[in-house]
$ cat data14.cif   # mmCIF, C-alpha atoms
data_query
loop_
_atom_site.label_atom_id
_atom_site.label_comp_id
_atom_site.auth_asym_id
_atom_site.auth_seq_id
_atom_site.Cartn_x
_atom_site.Cartn_y
_atom_site.Cartn_z
CA ARG T 1 6.53 47.62 -42.99
CA VAL T 2 8.17 48.45 -39.67
CA GLN T 3 6.54 51.11 -37.52
CA LEU T 4 8.18 52.82 -34.53
CA CYS T 5 5.39 53.61 -32.11
CA GLY T 6 5.58 57.12 -30.68
CA ALA T 7 8.15 58.27 -33.27
CA GLY T 8 5.66 58.69 -36.07
CA SER T 9 8.13 57.57 -38.73
CA GLU T 10 7.58 54.74 -41.12
CA VAL T 11 10.01 52.56 -43.01
CA HIS T 12 8.67 51.01 -46.19
CA LYS T 13 9.47 47.54 -47.28
CA HIS T 14 12.43 47.00 -49.54
CA SER T 15 12.52 44.31 -52.15
CA GLU T 16 15.34 42.53 -50.29
CA LEU T 17 13.14 42.12 -47.18
CA THR T 18 10.08 40.84 -49.01
CA ASP T 19 11.03 37.14 -48.75
CA LEU T 20 12.21 37.43 -45.13
CA MET T 21 9.04 39.14 -43.93
CA ASP T 22 6.61 36.97 -45.87
CA GLY T 23 3.51 36.40 -43.77
CA ILE T 24 4.31 39.25 -41.32
CA ASP T 25 2.00 42.21 -41.80
CA ILE T 26 3.20 44.65 -39.16
CA LEU T 27 6.06 44.56 -36.67
CA ILE T 28 5.56 47.02 -33.85
CA ILE T 29 8.53 48.05 -31.74
CA ASP T 30 7.45 49.73 -28.52
CA PRO T 31 10.08 51.64 -26.51
CA HIS T 32 8.18 50.68 -23.33
CA ALA T 33 8.18 46.95 -24.21
CA ALA T 34 11.17 46.25 -21.97
CA LYS T 35 9.38 47.69 -18.96
CA ASP T 36 6.23 45.74 -19.80
CA THR T 37 8.24 42.51 -20.15
CA GLU T 38 9.89 43.04 -16.77
CA ALA T 39 6.51 43.70 -15.15
CA ALA T 40 5.10 40.57 -16.78
CA LYS T 41 8.01 38.52 -15.41
CA GLN T 42 7.39 39.84 -11.90
CA GLU T 43 3.69 39.08 -12.17
CA LEU T 44 4.41 35.57 -13.45
CA LYS T 45 6.85 34.98 -10.61
CA ARG T 46 4.32 36.16 -8.04
CA ALA T 47 1.59 33.94 -9.53
CA SER T 48 3.96 30.95 -9.53
CA THR T 49 4.77 31.55 -5.86
CA LEU T 50 1.09 31.76 -4.96
CA THR T 51 0.32 28.60 -6.91
CA ARG T 52 3.17 26.72 -5.22
CA SER T 53 2.10 27.81 -1.76
CA SER T 54 -1.51 26.92 -2.55
CA THR T 55 -0.43 23.46 -3.73
CA ILE T 56 1.63 22.89 -0.60
CA SER T 57 -1.25 23.95 1.63
CA LYS T 58 -3.49 21.38 -0.07
CA VAL T 59 -1.20 18.44 0.79
CA ASN T 60 -2.43 16.64 3.87
CA SER T 61 0.20 15.86 6.47
CA GLU T 62 0.68 12.17 7.20
CA VAL T 63 -0.44 11.08 10.66
CA ALA T 64 1.25 8.10 12.31
CA VAL T 65 -0.76 6.24 14.94
CA THR T 66 1.15 4.72 17.85
CA GLY T 67 0.14 2.25 20.52
CA PHE T 68 -1.90 -0.92 20.34
CA VAL T 69 -3.56 -1.94 17.10
CA ARG T 70 -7.27 -1.30 17.22
CA TRP T 71 -9.65 -4.23 17.10
CA ALA T 72 -11.28 -2.86 13.93
CA VAL T 73 -7.92 -3.12 12.11
CA LEU T 74 -7.30 -6.68 13.34
CA ARG T 75 -10.84 -7.65 12.43
CA SER T 76 -10.37 -6.33 8.90
CA TYR T 77 -7.20 -8.39 8.48
CA LEU T 78 -8.66 -11.58 9.98
CA LEU T 79 -11.73 -11.40 7.75
CA ALA T 80 -9.83 -10.36 4.62
CA PRO T 81 -9.23 -13.91 3.28
CA GLY T 82 -12.80 -14.97 4.01
CA ILE T 83 -14.61 -16.37 7.02
CA MET T 84 -14.22 -19.98 5.83
CA VAL T 85 -10.44 -19.74 5.64
CA LEU T 86 -10.37 -18.30 9.16
CA ILE T 87 -12.56 -21.13 10.45
CA VAL T 88 -10.29 -23.75 8.83
CA VAL T 89 -7.22 -22.17 10.43
CA LEU T 90 -8.89 -22.19 13.86
CA ILE T 91 -10.01 -25.82 13.47
CA VAL T 92 -6.52 -26.94 12.48
CA PHE T 93 -5.08 -24.95 15.38
CA VAL T 94 -7.43 -26.58 17.90
CA THR T 95 -6.85 -30.04 16.40
CA THR T 96 -3.07 -29.66 16.60
CA TYR T 97 -3.11 -28.84 20.30
CA ALA T 98 -5.77 -31.49 20.95
CA PHE T 99 -3.45 -34.16 19.55
CA LEU T 100 -0.58 -32.70 21.56
CA GLY T 101 -2.61 -32.81 24.75
CA LEU T 102 -3.78 -36.40 24.08
CA ARG T 103 -0.23 -37.51 23.37
CA ASP T 104 1.06 -36.03 26.63
CA TRP T 105 -1.86 -37.52 28.55
CA TRP T 106 -1.25 -40.95 27.03
CA LEU T 107 2.45 -40.68 27.84
CA SER T 108 1.67 -39.90 31.48
CA LYS T 109 -0.77 -42.84 31.62
CA TRP T 110 1.84 -45.10 30.09
CA THR T 111 4.37 -43.94 32.66
CA ASP T 112 1.94 -44.55 35.54
CA GLU T 113 1.51 -48.14 34.38
CA GLY T 114 5.23 -48.76 34.70
CA GLY T 115 6.34 -47.94 31.16
CA SER T 116 5.96 -51.50 29.95
CA PRO T 117 6.71 -52.12 26.25
CA ASP T 118 3.10 -52.98 25.50
CA PRO T 119 2.55 -52.84 21.70
CA PHE T 120 -0.84 -51.26 22.24
CA LEU T 121 0.53 -48.45 24.42
CA VAL T 122 3.42 -47.85 22.03
CA GLY T 123 1.14 -47.86 18.99
CA VAL T 124 -1.27 -45.34 20.47
CA PHE T 125 1.58 -43.04 21.48
CA VAL T 126 3.15 -43.20 18.02
CA SER T 127 -0.22 -42.63 16.35
CA LEU T 128 -0.94 -39.54 18.46
CA SER T 129 2.56 -38.20 17.78
CA LEU T 130 2.19 -38.64 14.02
CA ALA T 131 -1.27 -37.06 14.11
CA HIS T 132 0.14 -34.09 16.00
CA CYS T 133 2.95 -33.66 13.44
CA ALA T 134 0.52 -33.90 10.52
CA ALA T 135 -1.82 -31.34 12.10
CA ALA T 136 1.12 -28.99 12.74
CA VAL T 137 2.18 -29.21 9.07
CA LEU T 138 -1.40 -28.57 7.94
CA GLY T 139 -1.52 -25.62 10.32
CA VAL T 140 1.56 -24.04 8.75
CA LEU T 141 0.07 -24.53 5.29
CA ALA T 142 -3.26 -23.08 6.43
CA ILE T 143 -1.56 -19.99 7.86
CA SER T 144 0.39 -19.56 4.61
CA VAL T 145 -2.80 -19.69 2.55
CA PHE T 146 -4.48 -17.34 5.02
CA ALA T 147 -1.69 -14.74 4.82
CA GLN T 148 -1.49 -14.99 1.02
CA ARG T 149 -5.22 -14.47 0.51
CA ALA T 150 -5.39 -11.73 3.11
CA GLY T 151 -2.59 -9.79 1.43
CA GLN T 152 -4.08 -10.27 -2.03
CA ASN T 153 -7.59 -9.21 -0.99
CA LEU T 154 -6.32 -6.16 0.91
CA HIS T 155 -4.20 -5.18 -2.10
CA ASP T 156 -7.22 -5.51 -4.40
CA ASP T 157 -9.32 -3.41 -2.01
CA CYS T 158 -6.64 -0.71 -1.97
CA ILE T 159 -6.47 -0.69 -5.77
CA GLU T 160 -10.25 -0.43 -6.06
CA SER T 161 -10.40 2.42 -3.54
CA LEU T 162 -7.59 4.24 -5.32
CA LEU T 163 -9.24 3.92 -8.73
CA HIS T 164 -12.51 5.29 -7.36
CA ALA T 165 -10.89 8.10 -5.37
CA PRO T 166 -11.77 11.69 -6.36
CA MET T 167 -9.19 13.90 -8.04
CA SER T 168 -8.89 15.98 -4.88
CA TYR T 169 -7.34 12.96 -3.16
CA PHE T 170 -4.43 12.94 -5.63
CA ASP T 171 -4.02 16.70 -5.20
CA GLU T 172 -3.78 16.31 -1.42
CA THR T 173 -1.71 13.10 -1.30
CA PRO T 174 1.89 12.91 -2.61
CA ALA T 175 2.62 10.18 -5.14
CA GLY T 176 5.41 8.78 -2.95
CA ARG T 177 2.98 8.21 -0.09
CA ILE T 178 0.63 6.27 -2.37
CA THR T 179 3.52 4.18 -3.70
CA SER T 180 4.71 3.34 -0.19
CA ARG T 181 1.25 2.03 0.70
CA PHE T 182 1.43 -0.54 -2.09
CA GLY T 183 5.12 -1.34 -1.53
CA PRO T 184 6.78 -1.44 1.90
CA ASP T 185 3.57 -1.13 3.93
CA LEU T 186 1.76 -4.09 2.37
CA GLY T 187 4.99 -6.09 2.28
CA MET T 188 5.59 -5.45 5.97
CA MET T 189 2.03 -6.47 6.74
CA ASP T 190 2.40 -9.74 4.84
CA ASN T 191 5.68 -10.68 6.51
CA THR T 192 4.99 -9.40 10.02
CA MET T 193 1.42 -10.65 10.37
CA TYR T 194 2.35 -14.07 9.02
CA SER T 195 5.20 -14.40 11.51
CA MET T 196 3.03 -13.19 14.38
CA MET T 197 0.25 -15.68 13.60
CA ASP T 198 2.74 -18.52 13.20
CA ASN T 199 4.41 -17.69 16.52
CA THR T 200 1.04 -17.33 18.24
CA MET T 201 -0.26 -20.67 17.08
CA TYR T 202 2.96 -22.65 17.38
#
$ encode --input "data14.cif" --output "structure tokens"
Amino acid sequence: RVQLCGAGSEVHKHSELTDLMDGIDILIIDPHAAKDTEAAKQELKRASTLTRSSTISKVNSEVAVTGFVRWAVLRSYLLAPGIMVLIVVLIVFVTTYAFLGLRDWWLSKWTDEGGSPDPFLVGVFVSLSLAHCAAAVLGVLAISVFAQRAGQNLHDDCIESLLHAPMSYFDETPAGRITSRFGPDLGMMDNTMYSMMDNTMY
């Protein structure tokens, strides 16, 4: 049956409407329903605005640090691939410049003796030159392994920290900022730090 609230009248079911209204017990039509719907829309809009403003206020603003890189940051990067890899890189670096210094010293000694084509003097100079070249190649390979392991270990540490972060971190941090940390930022670190170490050592 259909009941008009406030009118007090009642319309009984007809046989033609029995199939259409199967499962519906009472349909109430309220003359004030339109006003209630409009008020509900306004309330929903106000709640949505408050929720949006509350969400925006939770997002932490990104802070960019300028100036020199702190020693704690450099230390974290240098120790990221492991202390043994760092020691190997330093040993190869010292060995490379040791062979370079010995070669130049031998060349100056050879020049002081008149530059005679003594097979012994020539052999020592060639040996020191080849040793310097071999150490330089090993140094480049060592820096490559260092940068690769450092980037991989830092990436793994970031993933582990992200997986163990509380839910409030994801509420306060935009997804694009998290993606940029694992994309351009780590890529820039791999390329820039590798080039800087290569230029510093050679």
$ residues_around --input "data14.cif" --residues "Arg149 (chain T)" --least-positions-apart "3" --cutoff "12 Å" --atoms "only C-alpha atoms" --output "list in words"
Tyr77, Leu78, Leu79, Ala80, Pro81, Gly82, Ile83, Met84, Val85, Leu86, Ala142, Ile143, Ser144, Val145, Phe146, Gln152, Asn153, Leu154, His155, Asp156, Asp190 and Tyr194 of chain T
$ resolve_selection --input "data14.cif" --expression "the PyMOL selection byres ((chain T and resi 173-187) around 8)" --output "PyMOL selection string"
chain T and resi 59-60+151+155+169-172+188-191
$ resolve_selection --input "data14.cif" --expression "the PyMOL selection byres ((chain T and resi 124) around 12)" --output "VMD selection string"
chain T and resid 99 102 to 107 109 to 110 117 to 123 125 to 131
$ atom_distance --input "data14.cif" --atom1 "CA of Arg70 (chain T)" --atom2 "CA of Met196 (chain T)"
16.0 Å
$ axis_aligned_box --input "data14.cif" --around "region 106-119 of chain T" --padding-each-side "4 Å" --output "AutoDock Vina command-line options"
--center_x 2.7 --center_y -46.4 --center_z 28.6 --size_x 16.0 --size_y 21.1 --size_z 21.8
$ residues_around --input "data14.cif" --residues "region 137-139 of chain T" --least-positions-apart "6" --cutoff "7 Å" --atoms "all atoms listed in the file" --output "PyMOL selection string"
chain T and resi 89+92-93
$ atom_distance --input "data14.cif" --atom1 "CA of Trp71 (chain T)" --atom2 "CA of Ile87 (chain T)"
18.4 Å
$ atom_distance --input "data14.cif" --atom1 "CA of Asp112 (chain T)" --atom2 "CA of His132 (chain T)"
22.2 Å
$ decode --input "data14.cif" --residues "region 73-123 of chain T" --atoms "N, CA and C atoms" --output "short mmCIF file (atom, residue, chain, number, x, y, z; two decimals), in the first residue's frame"
data_model
loop_
_atom_site.label_atom_id
_atom_site.label_comp_id
_atom_site.auth_asym_id
_atom_site.auth_seq_id
_atom_site.Cartn_x
_atom_site.Cartn_y
_atom_site.Cartn_z
N VAL T 73 75.80 12.01 6.22
CA VAL T 73 75.26 11.50 4.96
C VAL T 73 76.36 10.83 4.14
N LEU T 74 77.52 11.48 4.04
CA LEU T 74 78.63 10.88 3.30
C LEU T 74 79.09 9.58 3.95
N ARG T 75 79.11 9.57 5.25
CA ARG T 75 79.52 8.35 5.96
C ARG T 75 78.56 7.20 5.67
N SER T 76 77.26 7.50 5.64
CA SER T 76 76.28 6.46 5.33
C SER T 76 76.49 5.90 3.93
N TYR T 77 76.82 6.77 2.97
CA TYR T 77 77.03 6.30 1.60
C TYR T 77 78.32 5.49 1.49
N LEU T 78 79.39 5.98 2.13
CA LEU T 78 80.68 5.29 2.02
C LEU T 78 80.65 3.91 2.68
N LEU T 79 79.86 3.77 3.74
CA LEU T 79 79.79 2.49 4.43
C LEU T 79 78.65 1.60 3.92
N ALA T 80 77.86 2.10 2.98
CA ALA T 80 76.73 1.32 2.47
C ALA T 80 77.16 0.01 1.81
N PRO T 81 78.21 -0.01 0.96
CA PRO T 81 78.57 -1.29 0.33
C PRO T 81 79.33 -2.24 1.24
N GLY T 82 79.74 -1.78 2.39
CA GLY T 82 80.52 -2.62 3.31
C GLY T 82 81.91 -2.06 3.51
N ILE T 83 82.45 -2.25 4.68
CA ILE T 83 83.75 -1.68 5.02
C ILE T 83 84.87 -2.32 4.19
N MET T 84 84.73 -3.61 3.84
CA MET T 84 85.77 -4.28 3.08
C MET T 84 85.87 -3.73 1.66
N VAL T 85 84.73 -3.45 1.05
CA VAL T 85 84.75 -2.87 -0.30
C VAL T 85 85.40 -1.50 -0.27
N LEU T 86 85.10 -0.71 0.76
CA LEU T 86 85.73 0.61 0.88
C LEU T 86 87.24 0.50 1.06
N ILE T 87 87.68 -0.47 1.84
CA ILE T 87 89.12 -0.66 2.05
C ILE T 87 89.81 -1.07 0.76
N VAL T 88 89.17 -1.95 -0.02
CA VAL T 88 89.75 -2.37 -1.30
C VAL T 88 89.88 -1.18 -2.26
N VAL T 89 88.84 -0.35 -2.31
CA VAL T 89 88.90 0.83 -3.18
C VAL T 89 90.03 1.76 -2.76
N LEU T 90 90.21 1.98 -1.47
CA LEU T 90 91.29 2.84 -0.99
C LEU T 90 92.66 2.24 -1.29
N ILE T 91 92.80 0.92 -1.12
CA ILE T 91 94.09 0.28 -1.41
C ILE T 91 94.43 0.40 -2.89
N VAL T 92 93.45 0.15 -3.76
CA VAL T 92 93.70 0.27 -5.20
C VAL T 92 94.03 1.71 -5.56
N PHE T 93 93.35 2.66 -4.92
CA PHE T 93 93.62 4.07 -5.18
C PHE T 93 95.06 4.43 -4.79
N VAL T 94 95.49 4.01 -3.61
CA VAL T 94 96.85 4.30 -3.15
C VAL T 94 97.87 3.60 -4.05
N THR T 95 97.59 2.36 -4.42
CA THR T 95 98.52 1.61 -5.28
C THR T 95 98.66 2.26 -6.65
N THR T 96 97.57 2.75 -7.20
CA THR T 96 97.62 3.39 -8.51
C THR T 96 98.55 4.60 -8.50
N TYR T 97 98.39 5.46 -7.50
CA TYR T 97 99.22 6.66 -7.44
C TYR T 97 100.63 6.34 -6.97
N ALA T 98 100.82 5.24 -6.27
CA ALA T 98 102.17 4.82 -5.90
C ALA T 98 102.96 4.41 -7.15
N PHE T 99 102.31 3.63 -8.03
CA PHE T 99 102.97 3.26 -9.28
C PHE T 99 103.21 4.48 -10.16
N LEU T 100 102.30 5.43 -10.15
CA LEU T 100 102.49 6.65 -10.93
C LEU T 100 103.68 7.45 -10.41
N GLY T 101 103.75 7.56 -9.07
CA GLY T 101 104.89 8.29 -8.50
C GLY T 101 106.21 7.58 -8.77
N LEU T 102 106.26 6.26 -8.65
CA LEU T 102 107.49 5.51 -8.93
C LEU T 102 107.89 5.63 -10.39
N ARG T 103 106.92 5.62 -11.28
CA ARG T 103 107.25 5.75 -12.70
C ARG T 103 107.86 7.11 -12.98
N ASP T 104 107.27 8.16 -12.44
CA ASP T 104 107.82 9.51 -12.66
C ASP T 104 109.20 9.66 -12.02
N TRP T 105 109.36 9.07 -10.83
CA TRP T 105 110.68 9.13 -10.19
C TRP T 105 111.73 8.38 -11.00
N TRP T 106 111.35 7.22 -11.53
CA TRP T 106 112.31 6.46 -12.34
C TRP T 106 112.64 7.19 -13.64
N LEU T 107 111.64 7.86 -14.20
CA LEU T 107 111.89 8.62 -15.42
C LEU T 107 112.85 9.77 -15.16
N SER T 108 112.69 10.45 -14.03
CA SER T 108 113.62 11.54 -13.71
C SER T 108 115.03 10.99 -13.45
N LYS T 109 115.13 9.84 -12.79
CA LYS T 109 116.44 9.23 -12.57
C LYS T 109 117.09 8.83 -13.88
N TRP T 110 116.28 8.30 -14.76
CA TRP T 110 116.78 7.89 -16.08
C TRP T 110 117.27 9.12 -16.86
N THR T 111 116.55 10.21 -16.74
CA THR T 111 116.94 11.43 -17.43
C THR T 111 118.24 11.99 -16.85
N ASP T 112 118.39 11.94 -15.52
CA ASP T 112 119.62 12.43 -14.89
C ASP T 112 120.84 11.64 -15.31
N GLU T 113 120.66 10.38 -15.65
CA GLU T 113 121.79 9.55 -16.08
C GLU T 113 122.09 9.68 -17.56
N GLY T 114 121.43 10.62 -18.21
CA GLY T 114 121.75 10.90 -19.61
C GLY T 114 120.75 10.30 -20.59
N GLY T 115 119.77 9.56 -20.11
CA GLY T 115 118.77 8.99 -21.01
C GLY T 115 119.32 7.91 -21.92
N SER T 116 120.29 7.17 -21.43
CA SER T 116 120.89 6.11 -22.25
C SER T 116 119.88 4.98 -22.45
N PRO T 117 119.94 4.32 -23.62
CA PRO T 117 119.00 3.22 -23.90
C PRO T 117 119.39 1.92 -23.20
N ASP T 118 119.55 2.01 -21.89
CA ASP T 118 119.91 0.83 -21.10
C ASP T 118 118.67 -0.07 -20.99
N PRO T 119 118.79 -1.36 -21.37
CA PRO T 119 117.62 -2.24 -21.30
C PRO T 119 117.01 -2.33 -19.90
N PHE T 120 117.87 -2.24 -18.89
CA PHE T 120 117.36 -2.32 -17.53
C PHE T 120 116.49 -1.10 -17.21
N LEU T 121 117.00 0.10 -17.55
CA LEU T 121 116.23 1.31 -17.28
C LEU T 121 114.92 1.32 -18.07
N VAL T 122 114.98 0.91 -19.32
CA VAL T 122 113.78 0.87 -20.15
C VAL T 122 112.78 -0.16 -19.61
N GLY T 123 113.28 -1.31 -19.21
CA GLY T 123 112.40 -2.36 -18.70
C GLY T 123 111.68 -1.95 -17.42
#
